[in-house]
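Data block for run-v5.cif (mmCIF, C-alpha atoms and all ligand atoms):
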```
data_data
#
loop_
_atom_site.label_atom_id
_atom_site.label_comp_id
_atom_site.auth_asym_id
_atom_site.auth_seq_id
_atom_site.Cartn_x
_atom_site.Cartn_y
_atom_site.Cartn_z
CA MET A 1 -23.82 17.84 -234.92
CA LYS A 2 -25.94 17.85 -231.80
CA PRO A 3 -25.23 15.78 -228.69
CA ALA A 4 -27.19 12.67 -227.82
CA ARG A 5 -29.91 13.11 -225.17
CA PHE A 6 -28.70 13.59 -221.61
CA ASP A 7 -30.03 14.58 -218.21
CA TYR A 8 -28.62 17.74 -216.68
CA VAL A 9 -27.80 18.16 -212.99
CA HIS A 10 -26.95 21.59 -211.66
CA ALA A 11 -24.75 20.60 -208.68
CA GLU A 12 -24.97 22.86 -205.63
CA SER A 13 -22.15 21.23 -203.68
CA ILE A 14 -19.33 18.72 -204.11
CA ALA A 15 -21.43 16.11 -202.25
CA HIS A 16 -24.36 16.78 -204.61
CA ALA A 17 -22.08 16.43 -207.66
CA VAL A 18 -20.55 13.09 -206.67
CA GLU A 19 -23.96 11.69 -205.65
CA ALA A 20 -25.27 12.60 -209.10
CA LEU A 21 -22.25 10.92 -210.73
CA ALA A 22 -22.80 7.79 -208.65
CA GLY A 23 -26.49 7.84 -209.58
CA ALA A 24 -25.58 7.82 -213.27
CA GLY A 25 -24.24 4.28 -212.90
CA GLY A 26 -20.83 4.96 -214.43
CA ASP A 27 -22.21 6.98 -217.32
CA GLY A 28 -22.10 10.53 -215.94
CA LYS A 29 -19.66 13.32 -216.82
CA VAL A 30 -18.59 16.44 -214.96
CA LEU A 31 -19.13 19.63 -216.95
CA ALA A 32 -16.46 22.23 -216.06
CA GLY A 33 -15.45 24.69 -218.80
CA GLY A 34 -17.02 22.49 -221.48
CA GLN A 35 -14.28 23.43 -223.98
CA SER A 36 -13.32 19.81 -224.62
CA LEU A 37 -16.41 17.97 -223.43
CA MET A 38 -19.01 19.85 -225.50
CA PRO A 39 -17.21 19.38 -228.85
CA MET A 40 -16.77 15.68 -228.03
CA MET A 41 -20.47 15.41 -227.19
CA ASN A 42 -21.46 17.29 -230.34
CA PHE A 43 -19.43 14.85 -232.43
CA ARG A 44 -20.96 12.01 -230.36
CA LEU A 45 -17.52 10.77 -229.39
CA VAL A 46 -18.92 10.68 -225.84
CA LYS A 47 -22.57 10.22 -224.91
CA PRO A 48 -22.98 10.68 -221.16
CA SER A 49 -26.48 9.93 -219.86
CA VAL A 50 -26.04 12.59 -217.14
CA LEU A 51 -24.11 15.86 -217.25
CA VAL A 52 -23.15 17.16 -213.80
CA ASP A 53 -22.53 20.91 -214.04
CA ILE A 54 -20.11 22.00 -211.28
CA ASN A 55 -19.91 25.65 -212.37
CA ARG A 56 -21.96 27.07 -209.53
CA ILE A 57 -20.42 25.13 -206.65
CA PRO A 58 -19.03 27.79 -204.31
CA GLY A 59 -15.37 27.92 -203.28
CA LEU A 60 -13.82 26.11 -206.24
CA ASP A 61 -12.67 29.17 -208.19
CA CYS A 62 -9.65 30.14 -206.06
CA ILE A 63 -5.88 29.87 -206.25
CA THR A 64 -4.47 29.67 -202.72
CA HIS A 65 -0.94 29.54 -201.33
CA GLU A 66 -0.42 27.07 -198.50
CA ALA A 67 2.57 25.17 -197.08
CA GLY A 68 4.81 25.17 -200.14
CA VAL A 69 2.07 24.60 -202.70
CA LEU A 70 -0.31 26.56 -204.87
CA ARG A 71 -3.76 24.97 -204.80
CA LEU A 72 -5.91 25.48 -207.90
CA GLY A 73 -9.60 24.76 -207.33
CA ALA A 74 -11.70 22.91 -209.90
CA LEU A 75 -13.20 26.14 -211.30
CA VAL A 76 -9.95 28.06 -211.80
CA ARG A 77 -10.10 29.09 -215.47
CA HIS A 78 -7.05 29.21 -217.74
CA ARG A 79 -7.32 33.00 -217.86
CA MET A 80 -7.10 33.23 -214.08
CA THR A 81 -4.05 30.93 -213.95
CA ALA A 82 -2.41 33.02 -216.69
CA GLU A 83 -3.05 36.33 -214.91
CA ASP A 84 -2.76 35.36 -211.23
CA GLY A 85 -0.06 37.16 -209.22
CA LEU A 86 0.70 34.14 -207.00
CA VAL A 87 1.36 31.99 -210.07
CA ALA A 88 3.57 34.64 -211.69
CA ARG A 89 5.58 35.15 -208.48
CA HIS A 90 5.93 31.59 -207.22
CA ILE A 91 5.77 29.41 -210.35
CA PRO A 92 7.02 31.53 -213.27
CA VAL A 93 7.39 28.44 -215.47
CA LEU A 94 3.61 27.91 -215.26
CA HIS A 95 2.98 31.59 -215.95
CA ALA A 96 5.10 31.24 -219.10
CA ALA A 97 3.36 28.02 -220.19
CA MET A 98 -0.14 29.51 -219.86
CA LYS A 99 0.64 32.04 -222.62
CA HIS A 100 0.58 29.12 -225.07
CA VAL A 101 -2.83 27.77 -224.06
CA ALA A 102 -5.54 28.21 -226.69
CA HIS A 103 -7.28 31.53 -227.40
CA LEU A 104 -9.00 34.06 -225.16
CA THR A 105 -12.51 32.62 -225.55
CA VAL A 106 -11.31 29.13 -224.61
CA ARG A 107 -9.16 30.51 -221.78
CA ASN A 108 -12.18 32.35 -220.33
CA ARG A 109 -14.04 29.06 -219.77
CA GLY A 110 -11.55 26.17 -219.75
CA THR A 111 -10.33 25.07 -216.31
CA PHE A 112 -6.92 23.88 -215.15
CA CYS A 113 -8.42 20.82 -213.41
CA GLY A 114 -10.65 20.08 -216.41
CA SER A 115 -7.59 19.93 -218.62
CA VAL A 116 -5.82 17.59 -216.20
CA CYS A 117 -8.96 15.37 -216.19
CA HIS A 118 -9.22 15.49 -219.98
CA ALA A 119 -5.57 14.37 -220.21
CA ASP A 120 -4.90 15.42 -223.78
CA PRO A 121 -1.31 14.36 -224.62
CA ALA A 122 -0.65 17.80 -226.19
CA ALA A 123 -2.12 19.93 -223.38
CA GLU A 124 0.04 22.16 -221.20
CA MET A 125 -1.75 21.64 -217.86
CA PRO A 126 -1.17 17.87 -217.38
CA MET A 127 2.49 18.40 -218.30
CA MET A 128 2.92 21.25 -215.82
CA THR A 129 1.20 19.20 -213.11
CA LEU A 130 3.76 16.43 -213.68
CA LEU A 131 6.69 18.87 -213.73
CA LEU A 132 5.55 20.48 -210.47
CA ASP A 133 5.09 17.15 -208.64
CA GLY A 134 1.35 17.82 -208.56
CA THR A 135 -1.16 16.19 -206.25
CA VAL A 136 -4.76 15.69 -207.37
CA HIS A 137 -7.54 16.06 -204.75
CA ILE A 138 -10.46 13.78 -205.50
CA ALA A 139 -13.96 13.53 -203.96
CA SER A 140 -16.48 10.68 -204.25
CA PRO A 141 -19.44 9.40 -202.22
CA ARG A 142 -16.90 7.12 -200.45
CA GLY A 143 -14.88 10.12 -199.17
CA ASP A 144 -11.84 12.11 -200.27
CA ARG A 145 -8.48 10.89 -201.54
CA THR A 146 -5.35 12.35 -203.10
CA MET A 147 -3.20 10.97 -205.88
CA ALA A 148 0.16 11.97 -207.34
CA ALA A 149 -0.19 13.38 -210.86
CA ARG A 150 2.20 10.70 -212.20
CA ASP A 151 -0.31 8.01 -211.08
CA PHE A 152 -3.37 10.03 -212.12
CA LEU A 153 -2.34 10.51 -215.77
CA VAL A 154 -2.66 7.08 -217.35
CA GLY A 155 -2.65 7.69 -221.11
CA SER A 156 -4.24 9.59 -223.97
CA LEU A 157 -7.56 11.03 -222.66
CA SER A 158 -7.30 8.55 -219.80
CA THR A 159 -6.87 9.02 -216.04
CA ALA A 160 -7.20 6.95 -212.87
CA LEU A 161 -10.44 8.76 -211.95
CA GLU A 162 -13.41 6.47 -211.14
CA PRO A 163 -16.78 7.30 -212.77
CA ASP A 164 -18.28 8.57 -209.49
CA GLU A 165 -15.29 10.78 -208.64
CA MET A 166 -14.64 14.43 -209.27
CA VAL A 167 -11.41 16.41 -209.01
CA VAL A 168 -11.78 19.17 -206.45
CA ALA A 169 -8.33 20.79 -206.75
CA VAL A 170 -4.76 20.28 -207.90
CA ASP A 171 -1.76 21.18 -205.73
CA LEU A 172 1.44 22.30 -207.46
CA ALA A 173 4.67 22.26 -205.44
CA ILE A 174 6.32 25.70 -205.45
CA PRO A 175 9.96 25.39 -206.60
CA GLU A 176 12.59 26.66 -204.18
CA ASP A 177 13.61 30.28 -204.52
CA GLY A 178 16.32 30.68 -207.15
CA THR A 179 15.24 27.63 -209.18
CA GLY A 180 16.01 28.12 -212.87
CA TRP A 181 13.13 27.43 -215.24
CA ALA A 182 12.27 27.30 -218.92
CA PHE A 183 9.27 26.47 -221.08
CA GLU A 184 9.73 25.88 -224.82
CA GLU A 185 6.90 24.94 -227.17
CA PHE A 186 6.41 24.60 -230.89
CA SER A 187 2.96 24.83 -232.48
CA ARG A 188 1.93 25.73 -236.01
CA ARG A 189 0.02 28.84 -234.91
CA HIS A 190 0.02 30.57 -231.55
CA GLY A 191 -2.72 29.06 -229.35
CA ASP A 192 -2.94 25.78 -231.29
CA TYR A 193 -2.23 22.53 -229.52
CA ALA A 194 1.54 22.03 -229.47
CA LEU A 195 3.44 19.62 -231.70
CA ALA A 196 5.88 19.30 -228.81
CA ALA A 197 6.88 21.18 -225.65
CA VAL A 198 9.56 20.87 -222.99
CA ALA A 199 9.63 22.35 -219.47
CA VAL A 200 12.67 22.34 -217.19
CA LEU A 201 13.39 23.23 -213.56
CA MET A 202 16.86 23.09 -212.02
CA ALA A 203 18.88 24.47 -209.11
CA ARG A 204 22.60 25.39 -209.11
CA ALA A 205 25.00 24.57 -206.28
CA ASP A 206 28.81 24.84 -206.44
CA GLY A 207 28.51 25.62 -210.15
CA ARG A 208 26.67 22.36 -210.88
CA MET A 209 23.13 21.34 -211.76
CA ARG A 210 20.95 20.03 -208.92
CA ASN A 211 17.35 18.78 -208.69
CA VAL A 212 16.83 18.80 -212.45
CA ARG A 213 13.25 18.18 -213.57
CA ILE A 214 12.28 17.70 -217.20
CA ALA A 215 8.74 17.22 -218.55
CA MET A 216 7.66 16.90 -222.17
CA MET A 217 4.41 16.64 -224.09
CA GLY A 218 3.31 15.91 -227.62
CA ILE A 219 5.80 13.06 -227.85
CA ALA A 220 3.78 10.13 -226.41
CA ASP A 221 0.25 9.17 -225.33
CA THR A 222 0.66 11.31 -222.24
CA ALA A 223 2.99 13.97 -220.85
CA LEU A 224 6.14 12.42 -219.41
CA ARG A 225 8.91 13.06 -216.87
CA PHE A 226 12.37 11.62 -217.55
CA ALA A 227 13.89 10.39 -214.29
CA ASP A 228 16.94 8.81 -215.98
CA VAL A 229 17.88 11.96 -217.87
CA GLU A 230 17.23 14.09 -214.80
CA ALA A 231 19.60 11.82 -212.81
CA ALA A 232 22.21 11.91 -215.59
CA LEU A 233 22.39 15.73 -215.31
CA GLU A 234 22.62 15.79 -211.51
CA GLY A 235 25.97 17.27 -210.42
CA ARG A 236 27.08 18.12 -213.99
CA GLU A 237 28.24 21.58 -215.01
CA GLY A 238 25.73 23.41 -217.18
CA THR A 239 27.66 23.24 -220.44
CA PRO A 240 26.43 22.96 -224.05
CA ALA A 241 27.98 19.48 -224.17
CA ALA A 242 25.92 18.35 -221.15
CA PHE A 243 22.74 19.77 -222.74
CA ASP A 244 23.51 18.03 -226.07
CA GLU A 245 23.99 14.71 -224.27
CA ALA A 246 20.74 15.16 -222.36
CA ALA A 247 18.86 16.05 -225.55
CA ALA A 248 20.20 12.89 -227.23
CA LEU A 249 19.12 10.77 -224.24
CA LEU A 250 15.64 12.30 -224.37
CA GLN A 251 15.35 11.66 -228.10
CA ALA A 252 16.33 8.03 -227.55
CA ALA A 253 13.81 7.65 -224.70
CA ILE A 254 10.71 8.80 -226.60
CA GLN A 255 8.54 7.05 -229.17
CA PRO A 256 6.45 9.81 -230.72
CA ASN A 257 3.43 9.10 -232.91
CA SER A 258 3.04 10.23 -236.51
CA ASP A 259 -0.20 12.03 -237.30
CA LEU A 260 -1.66 14.60 -239.70
CA ASN A 261 0.34 17.38 -238.02
CA ALA A 262 3.83 15.88 -237.89
CA SER A 263 5.80 12.70 -238.46
CA ALA A 264 7.38 10.81 -235.56
CA ASP A 265 10.85 11.78 -236.84
CA TYR A 266 9.95 15.46 -236.91
CA ARG A 267 8.56 15.32 -233.37
CA ARG A 268 11.76 13.60 -232.19
CA HIS A 269 13.83 16.32 -233.85
CA LEU A 270 11.67 19.01 -232.20
CA ALA A 271 11.96 17.35 -228.79
CA GLY A 272 15.77 17.43 -229.00
CA ALA A 273 15.96 21.03 -230.19
CA LEU A 274 13.45 22.30 -227.61
CA ALA A 275 15.14 20.35 -224.80
CA ARG A 276 18.59 21.74 -225.61
CA ARG A 277 17.18 25.27 -225.62
CA ALA A 278 15.14 24.82 -222.43
CA LEU A 279 18.05 23.31 -220.48
CA ALA A 280 20.35 26.19 -221.43
CA GLU A 281 17.70 28.81 -220.53
CA ALA A 282 16.92 27.19 -217.18
CA TRP A 283 20.64 27.03 -216.34
CA GLN A 284 21.02 30.72 -217.16
CA ARG A 285 18.11 31.56 -214.86
CA THR A 286 19.41 29.62 -211.85
CA GLY A 287 20.04 31.93 -208.93
CA GLU A 288 17.52 34.56 -210.06
CA ALA A 289 15.23 35.49 -207.15
CA THR A 290 11.61 34.50 -207.73
CA GLY A 291 10.05 35.49 -204.40
P1 LIG A 301 -14.51 20.14 -219.87
O1 LIG A 301 -14.51 20.29 -221.33
O2 LIG A 301 -15.69 20.62 -219.12
O3 LIG A 301 -14.24 18.61 -219.46
C1 LIG A 301 -13.22 17.86 -220.09
C2 LIG A 301 -13.22 16.44 -219.49
O4 LIG A 301 -12.75 16.48 -218.14
C3 LIG A 301 -14.62 15.81 -219.41
O5 LIG A 301 -14.49 14.42 -219.52
C4 LIG A 301 -15.09 16.17 -218.01
O6 LIG A 301 -16.06 15.29 -217.51
C5 LIG A 301 -13.79 16.07 -217.24
N1 LIG A 301 -13.72 16.99 -216.09
C6 LIG A 301 -13.61 18.34 -216.14
N2 LIG A 301 -13.48 18.84 -214.90
C7 LIG A 301 -13.53 17.79 -214.05
C8 LIG A 301 -13.45 17.67 -212.65
N3 LIG A 301 -13.29 18.73 -211.85
N4 LIG A 301 -13.53 16.43 -212.11
C9 LIG A 301 -13.69 15.33 -212.90
N5 LIG A 301 -13.77 15.39 -214.24
C10 LIG A 301 -13.69 16.60 -214.81
N6 LIG A 301 -5.86 22.97 -224.19
C11 LIG A 301 -4.52 23.10 -224.01
O7 LIG A 301 -3.99 22.60 -223.01
N7 LIG A 301 -3.75 23.78 -224.91
C12 LIG A 301 -4.28 24.35 -226.02
O8 LIG A 301 -3.54 24.98 -226.79
C13 LIG A 301 -5.68 24.22 -226.25
N8 LIG A 301 -6.26 24.74 -227.34
C14 LIG A 301 -7.62 24.63 -227.50
C15 LIG A 301 -8.21 25.21 -228.63
C16 LIG A 301 -9.58 25.10 -228.82
C17 LIG A 301 -10.20 25.74 -230.04
C18 LIG A 301 -10.39 24.41 -227.87
C19 LIG A 301 -11.89 24.31 -228.04
C20 LIG A 301 -9.81 23.83 -226.74
C21 LIG A 301 -8.43 23.93 -226.55
N9 LIG A 301 -7.81 23.38 -225.43
C22 LIG A 301 -6.45 23.51 -225.27
C23 LIG A 301 -8.60 22.63 -224.44
C24 LIG A 301 -8.99 23.51 -223.27
O9 LIG A 301 -7.82 23.80 -222.51
C25 LIG A 301 -10.02 22.82 -222.38
O10 LIG A 301 -10.57 23.83 -221.62
C26 LIG A 301 -9.53 21.76 -221.45
O11 LIG A 301 -8.92 20.69 -222.12
C27 LIG A 301 -10.66 21.11 -220.65
O12 LIG A 301 -11.05 21.96 -219.64
P2 LIG A 301 -12.58 22.26 -219.41
O13 LIG A 301 -12.68 22.94 -218.09
O14 LIG A 301 -13.12 22.97 -220.59
O15 LIG A 301 -13.19 20.78 -219.25
#
```
Translate this structure into structure tokens?
Ligand code: FAD
Amino acid sequence: MKPARFDYVHAESIAHAVEALAGAGGDGKVLAGGQSLMPMMNFRLVKPSVLVDINRIPGLDCITHEAGVLRLGALVRHRMTAEDGLVARHIPVLHAAMKHVAHLTVRNRGTFCGSVCHADPAAEMPMMTLLLDGTVHIASPRGDRTMAARDFLVGSLSTALEPDEMVVAVDLAIPEDGTGWAFEEFSRRHGDYALAAVAVLMARADGRMRNVRIAMMGIADTALRFADVEAALEGREGTPAAFDEAAALLQAAIQPNSDLNASADYRRHLAGALARRALAEAWQRTGEATG
């Protein structure tokens, strides 16, 4: 299939890009890596009248470390996130997750921010942004604003972004030194979209779990955090019984969909098994130096 007709704008700056989006009257689309947008256009699932190419806007292709966060600009490709030394050192759980993202050709072009904007329920980047208490930096002709990832991600392929807005960067909060982490995913073949995945962060103090964070994907219309289960683990000893209880709570909290790849029951089973494994791994890693 070929896409429907569209006008093409080669944006030279962020201001130029958001003006072009505003000029499209709600019908423009940002082109970042194109790895999700172009197939959707070719299948005519989306038919933007204007495509705003941000690929040559200077200054958006950097990962920077500032005040407790890593900032990933809108043109940071998956390959860069996977190979970046700052990511590996400061956020090892993200470094581990990136190994599961697609194949080399897709990783060479696809962008972290583009994935967060695309909001696929089985994509690693929205889930990691939730886990890491991410903040989304947004520009529009009306000025700049920021939004917490939990408010930004609304549902399947759906975000709180307005049609004349573009995401400029995403900030990920760096976990404290010694935070235990784990990322567990199941997909049919390496690099395929996951059937389910679980990521965990936790600290250990006085032999007990503290600041537990759990994110999952593939089990609902969007990636999710589980505040109730996180709270239930707070102050508990890291025992197999505690992990079993948490896994059961998570399984009860989710309502996965059935589709061609897996039934809802199978996804619920996977979620429990992956959660149990991830919690135990993260507990084991607590206290390891990351800096
Ligand atoms: P694009 O395709 O350019 O854009 C996607 C959407 O986001 C569009 O609506 C676009 O307008 C919008 N957008 C992009 N950037 C911005 C911005 N800065 N501001 C506002 N809107 C923006 N992903 C995974 O997570 N895991 C996988 O295992 C995986 N496997 C894949 C396998 C294949 C074969 C393919 C083709 C893709 C796969 N992907 C996977 C998707 C890939 O990660 C995409 O790169 C990603 O979803 C979108 O990033 P992009 O930069 O290509 O965005």
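Picture a line from atom CA of A:Leu249 to atom CA of A:Thr179; it runs 22.9 Å.
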- Message: Taking all atoms listed in the file into account, name the residue in A:Gly34, A:Gly26, A:Gly287, A:Pro58 that is nearest to A:Thr105.
- Response: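 Smallest separation from A:Thr105 among the options: A:Gly34.
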- Query: Taking all atoms listed in the file into account, which residues are within 7 Å of ligand LIG 301 (chain A), as a count of residues only?
  - Reply: 39
- Could you name the residues that touch A:Gly207 at 9 Å or less, counting only C-alpha atoms, but leaving out those on the same chain fewer than 3 positions away, as a ChimeraX atom specification? /A:204,235-238
Writing out the chosen residues with C-alpha atoms as a CSV table (one decimal), in the frame of the given file:
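Contents of again-v9.csv, freshly written:
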```csv
chain,number,residue,atom,x,y,z
A,204,ARG,CA,22.6,25.4,-209.1
A,235,GLY,CA,26.0,17.3,-210.4
A,236,ARG,CA,27.1,18.1,-214.0
A,237,GLU,CA,28.2,21.6,-215.0
A,238,GLY,CA,25.7,23.4,-217.2
```
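Each of A:Gly218, A:Gly25, A:Pro3, A:Gly134 was checked against A:Phe186 using all atoms listed in the file; the smallest atom-to-atom distance is that of A:Gly218.
Each of A:Thr129, A:Asn42, A:Ser140, A:Gln255 was checked against A:Leu21 using all atoms listed in the file; the smallest atom-to-atom distance is that of A:Ser140.
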- Pick the closest to A:Ile57 from A:Gly155, A:Pro121, A:Gly73, A:Gly85: which is it, counting all atoms listed in the file?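 Answer, going by the shortest atom-to-atom distance: A:Gly73.
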- Item | A:Asp151 environment, 10 Å, only C-alpha atoms, sequence neighbours closer than 6 positions dropped, as a list of chain:residue names |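 Here the qualifying residues turn out to be A:Leu130, A:Thr135, A:Val136, A:Thr159, A:Ala160.
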- Item | Selection near A:Arg213, 6 Å with only C-alpha atoms, sequence-local residues under 3 positions removed, as a list in words |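 Contacts, in chain order: Val200, Leu201 and Glu230 of chain A.
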- Query: Could you work out how far atom CA of A:Val93 lies from atom CA of A:Cys62, giving the answer in Å with one decimal?
  - Reply: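 Taking atom CA of A:Cys62 and atom CA of A:Val93, their separation equals 19.5 Å.
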- Of the residues A:Ala199, A:Leu86, A:Ala262, A:Val154, which is the one nearest to A:Leu131, using only C-alpha atoms?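 Smallest separation from A:Leu131 among the options: A:Ala199.
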- Message: List as number ranges by chain the protein and nucleic acid residues near A:Asp259, meaning an atom at most 12 Å away when all atoms listed in the file are counted, but skip any in the same chain fewer than 4 places from it.
- Response: A: 195, 218-220, 263-267
I need the residues from that last selection saved to file as a PDB file, in the coordinates of the input (with C-alpha atoms), if you can.
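Result file follows (part-v4.pdb):
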```pdb
ATOM      1  CA  LEU A 195       3.440  19.620-231.700  1.00  0.00           C
ATOM      2  CA  GLY A 218       3.310  15.910-227.620  1.00  0.00           C
ATOM      3  CA  ILE A 219       5.800  13.060-227.850  1.00  0.00           C
ATOM      4  CA  ALA A 220       3.780  10.130-226.410  1.00  0.00           C
ATOM      5  CA  SER A 263       5.800  12.700-238.460  1.00  0.00           C
ATOM      6  CA  ALA A 264       7.380  10.810-235.560  1.00  0.00           C
ATOM      7  CA  ASP A 265      10.850  11.780-236.840  1.00  0.00           C
ATOM      8  CA  TYR A 266       9.950  15.460-236.910  1.00  0.00           C
ATOM      9  CA  ARG A 267       8.560  15.320-233.370  1.00  0.00           C
TER      10      ARG A 267
END
```
- Can you pull out every residue within 12 Å of A:Val18, counting all atoms listed in the file, but drop anything in the same chain fewer than 5 positions away, and send it as a PyMOL selection string? chain A and resi 9-13+23-26+28-30+50-54+138-144+162-168
- Could you check how far atom CA of A:Arg268 sits from atom CA of A:Thr286, in Å to one decimal? 27.0 Å
- Hey, which of A:Leu157, A:Leu224, A:Leu132, A:Ala275 ends up closest to A:Arg71? Count all atoms listed in the file.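 Looking only at the distances to A:Arg71, the closest residue turns out to be A:Leu132.
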Quick one: axis-aligned box around all listed atoms of stretch 249-268 of chain A, 5 Å on every side, centre and edge lengths in Å to one decimal, written as AutoDock Vina command-line options.
```
--center_x 8.7 --center_y 12.2 --center_z -232.0 --size_x 30.8 --size_y 20.3 --size_z 25.5
```
